[in-house]
Structures are given as C-alpha cells and as structure tokens.
>>> print(open('target-v1.cif').read())   # mmCIF, C-alpha atoms and all ligand atoms
data_structure
loop_
_atom_site.label_atom_id
_atom_site.label_comp_id
_atom_site.auth_asym_id
_atom_site.auth_seq_id
_atom_site.Cartn_x
_atom_site.Cartn_y
_atom_site.Cartn_z
CA MET A 1 2.74 -21.33 31.64
CA MET A 2 -0.95 -20.65 31.11
CA VAL A 3 -1.83 -17.14 29.95
CA PRO A 4 -4.97 -15.43 28.66
CA LEU A 5 -5.76 -15.23 24.93
CA GLN A 6 -4.73 -11.56 24.79
CA LYS A 7 -1.20 -12.41 25.92
CA VAL A 8 -0.74 -15.14 23.32
CA LEU A 9 -1.98 -12.88 20.51
CA GLU A 10 -0.08 -9.79 21.66
CA GLY A 11 1.99 -8.37 18.81
CA ALA A 12 0.76 -10.90 16.23
CA ARG A 13 -1.43 -8.62 14.18
CA ALA A 14 1.06 -5.73 14.15
CA GLY A 15 3.90 -8.15 13.39
CA CYS A 16 1.98 -9.82 10.52
CA TYR A 17 2.14 -13.31 11.92
CA ALA A 18 -0.58 -15.58 13.31
CA ILE A 19 -0.86 -17.97 16.23
CA GLY A 20 -2.32 -21.38 15.46
CA SER A 21 -5.28 -22.62 17.46
CA PHE A 22 -5.28 -26.40 17.36
CA ASN A 23 -8.21 -28.57 18.41
CA VAL A 24 -7.74 -31.17 21.13
CA TYR A 25 -10.08 -33.79 22.58
CA ASN A 26 -7.89 -36.33 24.38
CA SER A 27 -4.54 -36.78 26.03
CA GLU A 28 -2.71 -37.46 22.74
CA THR A 29 -3.93 -34.31 21.00
CA ILE A 30 -3.16 -32.15 24.07
CA ARG A 31 0.35 -33.55 24.30
CA GLY A 32 0.91 -33.27 20.54
CA VAL A 33 -0.07 -29.60 20.45
CA ILE A 34 1.87 -28.55 23.57
CA GLU A 35 5.02 -30.47 22.56
CA SER A 36 4.86 -28.82 19.13
CA GLY A 37 4.76 -25.37 20.76
CA VAL A 38 7.70 -26.26 23.00
CA ASP A 39 9.75 -27.68 20.08
CA MET A 40 9.04 -24.53 18.03
CA ASN A 41 9.39 -22.21 21.05
CA LEU A 42 6.17 -20.41 20.09
CA PRO A 43 3.09 -19.23 22.00
CA THR A 44 0.39 -21.85 21.59
CA ILE A 45 -3.39 -22.02 21.70
CA VAL A 46 -4.82 -25.35 22.83
CA ALA A 47 -8.43 -25.32 21.64
CA PHE A 48 -11.05 -27.57 23.17
CA GLY A 49 -14.31 -27.47 21.19
CA ALA A 50 -17.46 -27.41 23.27
CA GLY A 51 -18.64 -30.16 20.91
CA TYR A 52 -15.98 -32.49 22.32
CA ILE A 53 -17.34 -32.59 25.86
CA PRO A 54 -18.52 -36.20 25.22
CA ASN A 55 -14.81 -37.05 24.65
CA MET A 56 -13.48 -35.27 27.72
CA ARG A 57 -14.87 -33.21 30.56
CA LEU A 58 -13.86 -29.55 30.67
CA LYS A 59 -12.20 -29.95 34.04
CA ASP A 60 -10.20 -32.96 32.87
CA ALA A 61 -8.97 -31.11 29.77
CA ALA A 62 -8.05 -28.13 31.95
CA ALA A 63 -6.19 -30.29 34.47
CA LEU A 64 -4.10 -32.00 31.76
CA VAL A 65 -3.26 -28.73 30.03
CA ARG A 66 -2.49 -27.00 33.33
CA SER A 67 -0.02 -29.66 34.46
CA GLN A 68 1.75 -29.79 31.08
CA ALA A 69 1.79 -25.98 30.75
CA ALA A 70 3.41 -25.68 34.17
CA ASP A 71 6.46 -27.50 32.81
CA ALA A 72 6.50 -25.75 29.42
CA PRO A 73 8.73 -22.71 28.82
CA ILE A 74 6.16 -21.10 26.48
CA ASP A 75 2.90 -19.15 26.82
CA ILE A 76 -0.13 -21.40 26.45
CA ALA A 77 -3.78 -20.34 26.24
CA LEU A 78 -6.47 -22.95 26.86
CA HIS A 79 -9.32 -21.92 24.61
CA LEU A 80 -12.96 -23.07 24.58
CA ASP A 81 -13.83 -23.27 20.88
CA HIS A 82 -17.33 -22.58 19.45
CA CYS A 83 -19.60 -22.38 22.48
CA LYS A 84 -23.20 -21.21 22.32
CA SER A 85 -24.00 -21.81 25.98
CA LEU A 86 -23.20 -19.24 28.66
CA ASP A 87 -23.49 -22.00 31.27
CA ILE A 88 -20.76 -24.07 29.59
CA ILE A 89 -18.61 -20.94 29.27
CA ARG A 90 -19.05 -20.37 33.01
CA GLU A 91 -18.02 -23.98 33.67
CA ALA A 92 -14.94 -23.62 31.45
CA LEU A 93 -13.85 -20.44 33.21
CA ASP A 94 -14.32 -22.12 36.58
CA ALA A 95 -12.21 -25.06 35.34
CA GLY A 96 -9.37 -22.69 34.42
CA PHE A 97 -9.78 -22.00 30.69
CA THR A 98 -7.94 -18.77 29.83
CA SER A 99 -9.88 -18.05 26.65
CA VAL A 100 -13.43 -18.66 25.45
CA MET A 101 -15.19 -18.33 22.12
CA TYR A 102 -18.79 -17.26 22.37
CA ASP A 103 -20.47 -18.29 19.12
CA GLY A 104 -23.69 -16.33 18.76
CA SER A 105 -23.24 -16.04 15.00
CA ALA A 106 -26.54 -17.81 14.26
CA LEU A 107 -28.50 -15.34 16.43
CA PRO A 108 -29.85 -11.94 15.40
CA PHE A 109 -27.07 -9.33 15.70
CA ALA A 110 -28.50 -7.60 18.80
CA GLU A 111 -28.74 -10.89 20.68
CA ASN A 112 -25.23 -11.97 19.65
CA LEU A 113 -23.96 -8.61 20.90
CA ALA A 114 -25.83 -8.74 24.23
CA ASN A 115 -24.61 -12.27 24.98
CA ALA A 116 -21.04 -11.48 23.92
CA ALA A 117 -21.05 -8.54 26.36
CA LYS A 118 -22.15 -10.88 29.18
CA VAL A 119 -19.40 -13.35 28.28
CA VAL A 120 -16.80 -10.56 28.28
CA SER A 121 -17.74 -9.47 31.78
CA MET A 122 -17.60 -13.09 33.07
CA ALA A 123 -14.35 -13.92 31.28
CA HIS A 124 -12.47 -10.72 32.07
CA ALA A 125 -13.40 -11.10 35.74
CA ALA A 126 -11.78 -14.55 35.57
CA GLY A 127 -8.68 -13.19 33.79
CA ALA A 128 -9.58 -14.86 30.49
CA GLY A 129 -9.98 -13.50 26.96
CA VAL A 130 -12.99 -13.67 24.62
CA GLU A 131 -13.42 -14.38 20.93
CA ALA A 132 -16.80 -13.73 19.30
CA GLU A 133 -18.01 -14.46 15.78
CA LEU A 134 -19.94 -12.47 13.22
CA GLY A 135 -21.34 -14.01 10.06
CA GLY A 136 -21.56 -17.70 9.27
CA ILE A 137 -18.87 -20.18 8.32
CA ALA A 138 -19.97 -22.87 5.90
CA LYS A 139 -19.19 -26.54 6.38
CA GLY A 140 -16.98 -28.31 3.85
CA THR A 141 -16.13 -32.00 3.78
CA HIS A 142 -14.60 -34.08 6.63
CA SER A 143 -15.61 -31.47 9.20
CA ASN A 144 -16.86 -32.26 12.64
CA GLU A 145 -18.52 -28.85 13.10
CA GLU A 146 -22.22 -28.13 12.78
CA ASP A 147 -23.73 -27.27 9.41
CA GLY A 148 -23.49 -23.59 8.69
CA SER A 149 -24.34 -21.29 5.85
CA GLU A 150 -21.96 -18.78 4.39
CA ILE A 151 -22.81 -15.29 5.63
CA TYR A 152 -19.99 -12.82 5.10
CA THR A 153 -19.10 -10.58 8.04
CA SER A 154 -20.33 -7.00 7.80
CA PRO A 155 -17.61 -4.43 8.59
CA ASP A 156 -20.21 -2.07 10.13
CA GLU A 157 -21.52 -4.75 12.49
CA ALA A 158 -17.95 -5.73 13.34
CA VAL A 159 -17.17 -2.17 14.48
CA GLU A 160 -20.28 -2.06 16.65
CA LEU A 161 -19.74 -5.51 18.18
CA VAL A 162 -16.15 -4.75 19.14
CA ARG A 163 -16.96 -1.27 20.50
CA GLU A 164 -20.01 -2.36 22.52
CA THR A 165 -18.64 -5.59 24.01
CA GLY A 166 -14.89 -5.20 24.52
CA ILE A 167 -14.13 -8.64 23.00
CA ASP A 168 -10.46 -9.49 22.54
CA ALA A 169 -10.61 -11.21 19.13
CA LEU A 170 -13.17 -11.46 16.34
CA ALA A 171 -13.81 -14.46 14.09
CA VAL A 172 -14.72 -13.28 10.61
CA SER A 173 -16.46 -15.07 7.79
CA ILE A 174 -14.75 -14.34 4.49
CA GLY A 175 -15.27 -17.58 2.57
CA THR A 176 -13.16 -20.18 4.38
CA VAL A 177 -15.04 -23.34 5.40
CA HIS A 178 -14.96 -25.67 8.38
CA GLY A 179 -13.28 -28.83 7.10
CA MET A 180 -11.91 -29.33 3.61
CA TYR A 181 -13.15 -27.42 0.56
CA ALA A 182 -15.51 -29.33 -1.71
CA GLY A 183 -14.52 -27.12 -4.69
CA GLU A 184 -12.19 -24.19 -5.32
CA PRO A 185 -11.81 -21.97 -2.23
CA ARG A 186 -13.21 -18.49 -2.80
CA VAL A 187 -11.82 -16.35 0.01
CA ASP A 188 -12.77 -12.67 -0.02
CA VAL A 189 -9.57 -10.94 1.13
CA GLY A 190 -11.05 -7.60 0.01
CA ARG A 191 -13.72 -7.95 2.69
CA LEU A 192 -11.09 -8.84 5.26
CA LYS A 193 -9.21 -5.64 4.36
CA LYS A 194 -12.39 -3.61 4.87
CA ILE A 195 -12.95 -5.18 8.31
CA ALA A 196 -9.29 -4.76 9.30
CA ALA A 197 -9.43 -1.09 8.30
CA VAL A 198 -12.12 -0.37 10.90
CA VAL A 199 -11.47 -2.98 13.65
CA ASP A 200 -8.12 -2.99 15.42
CA ILE A 201 -8.34 -6.17 17.55
CA PRO A 202 -6.84 -9.49 16.35
CA LEU A 203 -9.04 -11.15 13.71
CA VAL A 204 -9.57 -14.91 13.60
CA LEU A 205 -9.77 -17.24 10.62
CA HIS A 206 -11.74 -20.46 11.05
CA GLY A 207 -11.14 -23.17 8.50
CA GLY A 208 -7.34 -23.21 8.19
CA SER A 209 -7.28 -26.83 6.99
CA GLY A 210 -6.73 -27.09 3.27
CA THR A 211 -6.79 -23.33 2.59
CA PRO A 212 -4.12 -22.57 -0.04
CA GLU A 213 -0.94 -21.09 1.44
CA ALA A 214 -1.00 -17.94 -0.69
CA ILE A 215 -4.49 -17.10 0.60
CA ILE A 216 -3.51 -17.71 4.23
CA ARG A 217 -0.46 -15.48 3.80
CA ASP A 218 -2.62 -12.75 2.33
CA CYS A 219 -4.99 -13.05 5.31
CA ILE A 220 -2.13 -12.88 7.86
CA ASN A 221 -0.83 -9.76 6.12
CA ASN A 222 -4.28 -8.20 6.48
CA GLY A 223 -5.27 -8.59 10.13
CA ILE A 224 -5.67 -12.32 10.78
CA ALA A 225 -3.75 -13.11 13.99
CA LYS A 226 -5.32 -16.44 15.05
CA ILE A 227 -6.00 -19.37 12.73
CA ASN A 228 -7.95 -22.47 13.70
CA VAL A 229 -6.82 -25.88 12.46
CA ASN A 230 -8.72 -29.07 13.23
CA THR A 231 -9.74 -31.29 10.30
CA GLU A 232 -6.30 -31.74 8.76
CA ILE A 233 -4.84 -32.91 12.10
CA SER A 234 -7.56 -35.54 12.31
CA MET A 235 -7.25 -36.70 8.69
CA HIS A 236 -3.46 -37.00 8.81
CA THR A 237 -3.45 -38.77 12.18
CA VAL A 238 -6.16 -41.25 11.21
CA ALA A 239 -4.24 -42.05 8.00
CA LYS A 240 -1.02 -42.62 9.99
CA ALA A 241 -2.86 -44.78 12.54
CA ARG A 242 -4.42 -46.83 9.73
CA ALA A 243 -1.00 -47.37 8.15
CA ALA A 244 0.49 -48.39 11.51
CA ILE A 245 -2.27 -50.96 12.04
CA GLU A 246 -1.88 -52.32 8.50
CA ALA A 247 1.89 -52.60 8.99
CA ASN A 248 1.40 -54.37 12.31
CA PRO A 249 -2.11 -55.73 12.92
CA LYS A 250 -1.07 -56.80 16.44
CA ILE A 251 0.14 -53.32 17.43
CA HIS A 252 -0.48 -52.51 21.09
CA LEU A 253 -2.79 -49.58 21.75
CA SER A 254 -0.10 -47.84 23.81
CA LYS A 255 2.23 -47.86 20.78
CA LEU A 256 -0.56 -46.69 18.49
CA CYS A 257 -1.17 -43.71 20.80
CA LEU A 258 2.51 -42.72 20.52
CA THR A 259 2.29 -42.98 16.72
CA GLU A 260 -0.69 -40.66 16.87
CA ILE A 261 1.16 -38.05 18.93
CA GLU A 262 3.95 -37.98 16.33
CA ALA A 263 1.42 -37.60 13.50
CA ILE A 264 -0.37 -34.76 15.32
CA LYS A 265 2.96 -32.98 15.80
CA GLU A 266 3.78 -33.23 12.08
CA VAL A 267 0.69 -31.26 11.11
CA VAL A 268 0.79 -28.80 14.03
CA LYS A 269 4.46 -27.92 13.51
CA LYS A 270 3.96 -27.50 9.78
CA TYR A 271 1.23 -24.93 10.43
CA MET A 272 3.14 -23.23 13.27
CA GLU A 273 6.10 -22.67 10.97
CA PHE A 274 3.88 -21.44 8.17
CA PHE A 275 1.86 -19.04 10.38
CA ARG A 276 5.10 -17.30 11.40
CA ASN A 277 4.83 -15.85 7.87
CA ARG A 278 8.55 -15.43 7.42
ZN ZN A 301 -14.64 -22.70 13.79
#
>>> encode(input="target-v1.cif", output="structure tokens")
Amino acid sequence: MMVPLQKVLEGARAGCYAIGSFNVYNSETIRGVIESGVDMNLPTIVAFGAGYIPNMRLKDAAALVRSQAADAPIDIALHLDHCKSLDIIREALDAGFTSVMYDGSALPFAENLANAAKVVSMAHAAGAGVEAELGGIAKGTHSNEEDGSEIYTSPDEAVELVRETGIDALAVSIGTVHGMYAGEPRVDVGRLKKIAAVVDIPLVLHGGSGTPEAIIRDCINNGIAKINVNTEISMHTVAKARAAIEANPKIHLSKLCLTEIEAIKEVVKKYMEFFRNR
C-alpha cells in the first residue's frame, strides 16, 4: 500500500538501517523497483525525479505506482525527487505522491528555509512527507542530474532548517556525488556525525551509486536512513540491454523490456540487501 515518507523511514535511523530510494521514469523501472521490494519484503521508496517529467507525466507515474502498490503487501512511498518548483510539487501532491523533495539548496539559506516551510504545510495537509536539502552535491560521471558544486552541509544551518520548517528528512552534502566518482571518493563522515548529533530526523544520502560499501555502512551507522540510487541502475540495465541486442539483433522490444526489468531488479535488490546493514 502507499504510505507517506515518514512511515517508510520509521525506525530506520534508530535501527541503523537505511531505505533505498530508487529512481524511476517508465513502466519498467516502476515495476522493477516495486517487485524488488515485494521479493525482499521491505518498505520501498519509488523516486520519480522532477527532471523526468519529459519521460512520464506525474499523474501517469502516480497511477501506475498506485495500482501496483494496491496489490503489494509492503509499504511504498512515491517520492518526487529533486524539485525546485512549488507548482510542480503541488501537482505531484494532487496526483497522489506521498513524499516530495524540495531542493532549494542553490538558494540563499533564508529563501531555502522559507520555501521548505511552504512545502511542508502543503505536503502535510495532503498527508505526504517532505525532504529538503542543505549544501550542494557535486556531479560525477554518468549522472543525469544538474551540475552542482560541492558545498558541505553546515550543522548549525541544519538545526535551524529542521526546527523552523518541520521537514521529515534532510539531505546532507558530505562529499558523495551524483553519478559515479571521477576519482577517489572523499566522504566526510565526521561532518555527518556532527549533523546527526544535533538533528534527530532521518538524514538522506544522495549519490549511493558507486560509493564504497564501507563508507555507506559508516553513514548508515551515523544517521543516514534514506539512500538514493539512480546511475548504477541505468548503467547496469543499459549494459544488459546492449548484450541482449548483441546476442539477438532481432529481439522484440517486448522481450527487451522484460530483460530490462530483470536487470533493474538485480541492482535494486543488491542495494536493498546491503542497506539492511546486517
Ligand atoms: Zn540527488
């Protein structure tokens, strides 16, 4: 069934595990992510990036997720990923999204805070949860996100943003990148510890793809309760699709789509198992 973000993340931070947030943009990715959650019997976040509206309308994504969630014996949050526009957030809430990320990280702090507060009042009235972001997440290779520069999250600003807005989760910038790392990852777990010491809501890590396992484990043990994965799903699935076409150049598109769903599930289930942090 569909539930708000808060319900999916409940207990994760205290229990030192994280819930994966997996990007979707078509029927195959939606099915791959939901079937993975059902197979693993785990709460699942289906994340639709605002940047993927050219691929699929918000209301179409919501309708597909809603009908599949109705048959699924797990909690599913439909999350709007990285959205700068309050109008699009409104549209997503009206379409039935149960979670929204307001990304005002490029704005001056006061403006980010004021907009996040508006989003919280809209979303909570609709029974949905809100993630906001502080700091900037840089762009690595193979990413589909916008360019960004690395600005580490300030613990003092984090306290103020959470207290003044009532957001349900906070995305922090501690050195992970959107996409794959061009060089050695330099993730500042010390900064994460400082933020976690003063902010008690679930913290969110963007840039799960390609981050070394030991670092992710360290982050989960120190307040990270939601981890976004996008690029690696795409890279793995494109590679599998390419191999399927090379093996059978006359492959029918319908068969290729099924191959893609299986490839998506391989990556999603791998991360779901890992984020349990057992
Ligand atoms: Zn992100």
>>> residues_near_ligand(input="target-v1.cif", ligand="ligand ZN 301 (chain A)", cutoff="12 Å", atoms="all atoms listed in the file", output="number ranges by chain")
A: 21-23, 47-51, 80-83, 101-103, 105, 131-140, 143-148, 170-173, 176-179, 204-209, 226-231
>>> atom_distance(input="target-v1.cif", atom1="atom CA of A:Cys219", atom2="atom CA of A:Lys193")
8.6 Å
>>> residues_around(input="target-v1.cif", residues="stretch 158-167 of chain A", least_positions_apart="3", cutoff="6 Å", atoms="only C-alpha atoms", output="ChimeraX atom specification")
/A:113,117,130,155,199
>>> residues_around(input="target-v1.cif", residues="A:Asn277", least_positions_apart="3", cutoff="12 Å", atoms="all atoms listed in the file", output="PyMOL selection string")
chain A and resi 12-13+15-20+213-222+224-225+270-274
>>> residues_around(input="target-v1.cif", residues="stretch 244-257 of chain A", least_positions_apart="3", cutoff="12 Å", atoms="all atoms listed in the file", output="list in words")
Asn26, Ser27, Glu28, Thr29, Arg31, Gly32, Thr237, Val238, Ala239, Lys240, Ala241, Glu260, Ile261, Glu262, Ala263 and Ile264 of chain A
>>> write_last_selection(input="target-v1.cif", atoms="C-alpha atoms", output="PDB file, in the coordinates of the input")
ATOM      1  CA  ASN A  26      -7.890 -36.330  24.380  1.00  0.00           C
ATOM      2  CA  SER A  27      -4.540 -36.780  26.030  1.00  0.00           C
ATOM      3  CA  GLU A  28      -2.710 -37.460  22.740  1.00  0.00           C
ATOM      4  CA  THR A  29      -3.930 -34.310  21.000  1.00  0.00           C
ATOM      5  CA  ARG A  31       0.350 -33.550  24.300  1.00  0.00           C
ATOM      6  CA  GLY A  32       0.910 -33.270  20.540  1.00  0.00           C
ATOM      7  CA  THR A 237      -3.450 -38.770  12.180  1.00  0.00           C
ATOM      8  CA  VAL A 238      -6.160 -41.250  11.210  1.00  0.00           C
ATOM      9  CA  ALA A 239      -4.240 -42.050   8.000  1.00  0.00           C
ATOM     10  CA  LYS A 240      -1.020 -42.620   9.990  1.00  0.00           C
ATOM     11  CA  ALA A 241      -2.860 -44.780  12.540  1.00  0.00           C
ATOM     12  CA  GLU A 260      -0.690 -40.660  16.870  1.00  0.00           C
ATOM     13  CA  ILE A 261       1.160 -38.050  18.930  1.00  0.00           C
ATOM     14  CA  GLU A 262       3.950 -37.980  16.330  1.00  0.00           C
ATOM     15  CA  ALA A 263       1.420 -37.600  13.500  1.00  0.00           C
ATOM     16  CA  ILE A 264      -0.370 -34.760  15.320  1.00  0.00           C
TER      17      ILE A 264
END
>>> atom_distance(input="target-v1.cif", atom1="atom CA of A:Gly96", atom2="atom CA of A:Pro202")
22.5 Å
>>> atom_distance(input="target-v1.cif", atom1="atom CA of A:Pro4", atom2="atom CA of A:Ala125")
11.8 Å
>>> closest_residue(input="target-v1.cif", among="A:His236, A:Arg242, A:Arg66, A:His124", to="A:Ser99", atoms="all atoms listed in the file")
A:His124
>>> closest_residue(input="target-v1.cif", among="A:Asp200, A:Lys118, A:Lys265, A:Thr211", to="A:Arg186", atoms="only C-alpha atoms")
A:Thr211
>>> residues_around(input="target-v1.cif", residues="A:Ile174", least_positions_apart="4", cutoff="7 Å", atoms="all atoms listed in the file", output="number ranges by chain")
A: 152-153, 187-188, 191-192
>>> closest_residue(input="target-v1.cif", among="A:Asn41, A:Pro73, A:Val3, A:Ala14", to="A:Ala196", atoms="only C-alpha atoms")
A:Ala14
>>> closest_residue(input="target-v1.cif", among="A:Thr141, A:Lys59, A:Ile88, A:Ala169", to="A:Leu203", atoms="only C-alpha atoms")
A:Ala169
>>> closest_residue(input="target-v1.cif", among="A:Ile53, A:Met2, A:Leu86, A:Ala95", to="A:Ala72", atoms="only C-alpha atoms")
A:Met2
>>> build_atoms(input="target-v1.cif", residues="stretch 207-230 of chain A", atoms="N, CA and C atoms", output="PDB file, in the coordinates of the input")
ATOM      1  N   GLY A 207     -11.224 -22.431   9.752  1.00  0.00           N
ATOM      2  CA  GLY A 207     -11.140 -23.170   8.500  1.00  0.00           C
ATOM      3  C   GLY A 207      -9.755 -23.062   7.885  1.00  0.00           C
ATOM      4  N   GLY A 208      -8.713 -23.261   8.696  1.00  0.00           N
ATOM      5  CA  GLY A 208      -7.340 -23.210   8.190  1.00  0.00           C
ATOM      6  C   GLY A 208      -6.997 -24.442   7.353  1.00  0.00           C
ATOM      7  N   SER A 209      -7.626 -25.581   7.685  1.00  0.00           N
ATOM      8  CA  SER A 209      -7.280 -26.830   6.990  1.00  0.00           C
ATOM      9  C   SER A 209      -7.540 -26.711   5.499  1.00  0.00           C
ATOM     10  N   GLY A 210      -6.525 -26.999   4.716  1.00  0.00           N
ATOM     11  CA  GLY A 210      -6.730 -27.090   3.270  1.00  0.00           C
ATOM     12  C   GLY A 210      -6.826 -25.753   2.548  1.00  0.00           C
ATOM     13  N   THR A 211      -6.758 -24.638   3.272  1.00  0.00           N
ATOM     14  CA  THR A 211      -6.790 -23.330   2.590  1.00  0.00           C
ATOM     15  C   THR A 211      -5.429 -23.101   1.936  1.00  0.00           C
ATOM     16  N   PRO A 212      -5.412 -22.735   0.647  1.00  0.00           N
ATOM     17  CA  PRO A 212      -4.120 -22.570  -0.040  1.00  0.00           C
ATOM     18  C   PRO A 212      -3.206 -21.573   0.689  1.00  0.00           C
ATOM     19  N   GLU A 213      -1.911 -21.879   0.688  1.00  0.00           N
ATOM     20  CA  GLU A 213      -0.940 -21.090   1.440  1.00  0.00           C
ATOM     21  C   GLU A 213      -0.936 -19.621   1.052  1.00  0.00           C
ATOM     22  N   ALA A 214      -1.056 -19.345  -0.239  1.00  0.00           N
ATOM     23  CA  ALA A 214      -1.000 -17.940  -0.690  1.00  0.00           C
ATOM     24  C   ALA A 214      -2.149 -17.145  -0.082  1.00  0.00           C
ATOM     25  N   ILE A 215      -3.318 -17.789   0.036  1.00  0.00           N
ATOM     26  CA  ILE A 215      -4.490 -17.100   0.600  1.00  0.00           C
ATOM     27  C   ILE A 215      -4.267 -16.865   2.096  1.00  0.00           C
ATOM     28  N   ILE A 216      -3.751 -17.868   2.791  1.00  0.00           N
ATOM     29  CA  ILE A 216      -3.510 -17.710   4.230  1.00  0.00           C
ATOM     30  C   ILE A 216      -2.500 -16.585   4.466  1.00  0.00           C
ATOM     31  N   ARG A 217      -1.464 -16.536   3.663  1.00  0.00           N
ATOM     32  CA  ARG A 217      -0.460 -15.480   3.800  1.00  0.00           C
ATOM     33  C   ARG A 217      -1.086 -14.095   3.610  1.00  0.00           C
ATOM     34  N   ASP A 218      -1.922 -14.000   2.608  1.00  0.00           N
ATOM     35  CA  ASP A 218      -2.620 -12.750   2.330  1.00  0.00           C
ATOM     36  C   ASP A 218      -3.477 -12.346   3.530  1.00  0.00           C
ATOM     37  N   CYS A 219      -4.137 -13.319   4.142  1.00  0.00           N
ATOM     38  CA  CYS A 219      -4.990 -13.050   5.310  1.00  0.00           C
ATOM     39  C   CYS A 219      -4.128 -12.586   6.496  1.00  0.00           C
ATOM     40  N   ILE A 220      -2.993 -13.259   6.730  1.00  0.00           N
ATOM     41  CA  ILE A 220      -2.130 -12.880   7.860  1.00  0.00           C
ATOM     42  C   ILE A 220      -1.595 -11.460   7.648  1.00  0.00           C
ATOM     43  N   ASN A 221      -1.332 -11.108   6.407  1.00  0.00           N
ATOM     44  CA  ASN A 221      -0.830  -9.760   6.120  1.00  0.00           C
ATOM     45  C   ASN A 221      -1.915  -8.701   6.236  1.00  0.00           C
ATOM     46  N   ASN A 222      -3.163  -9.145   6.427  1.00  0.00           N
ATOM     47  CA  ASN A 222      -4.280  -8.200   6.480  1.00  0.00           C
ATOM     48  C   ASN A 222      -5.149  -8.381   7.721  1.00  0.00           C
ATOM     49  N   GLY A 223      -4.534  -8.655   8.863  1.00  0.00           N
ATOM     50  CA  GLY A 223      -5.270  -8.590  10.130  1.00  0.00           C
ATOM     51  C   GLY A 223      -5.564  -9.903  10.831  1.00  0.00           C
ATOM     52  N   ILE A 224      -5.407 -11.037  10.120  1.00  0.00           N
ATOM     53  CA  ILE A 224      -5.670 -12.320  10.780  1.00  0.00           C
ATOM     54  C   ILE A 224      -4.491 -12.670  11.702  1.00  0.00           C
ATOM     55  N   ALA A 225      -4.800 -12.862  13.003  1.00  0.00           N
ATOM     56  CA  ALA A 225      -3.750 -13.110  13.990  1.00  0.00           C
ATOM     57  C   ALA A 225      -3.916 -14.458  14.694  1.00  0.00           C
ATOM     58  N   LYS A 226      -5.073 -15.114  14.464  1.00  0.00           N
ATOM     59  CA  LYS A 226      -5.320 -16.440  15.050  1.00  0.00           C
ATOM     60  C   LYS A 226      -5.968 -17.286  13.970  1.00  0.00           C
ATOM     61  N   ILE A 227      -5.448 -18.492  13.767  1.00  0.00           N
ATOM     62  CA  ILE A 227      -6.000 -19.370  12.730  1.00  0.00           C
ATOM     63  C   ILE A 227      -6.288 -20.740  13.329  1.00  0.00           C
ATOM     64  N   ASN A 228      -7.532 -21.191  13.133  1.00  0.00           N
ATOM     65  CA  ASN A 228      -7.950 -22.470  13.700  1.00  0.00           C
ATOM     66  C   ASN A 228      -7.655 -23.618  12.725  1.00  0.00           C
ATOM     67  N   VAL A 229      -7.085 -24.683  13.256  1.00  0.00           N
ATOM     68  CA  VAL A 229      -6.820 -25.880  12.460  1.00  0.00           C
ATOM     69  C   VAL A 229      -7.354 -27.086  13.233  1.00  0.00           C
ATOM     70  N   ASN A 230      -8.168 -27.884  12.578  1.00  0.00           N
ATOM     71  CA  ASN A 230      -8.720 -29.070  13.230  1.00  0.00           C
ATOM     72  C   ASN A 230      -8.714 -30.267  12.273  1.00  0.00           C
TER      73      ASN A 230
END
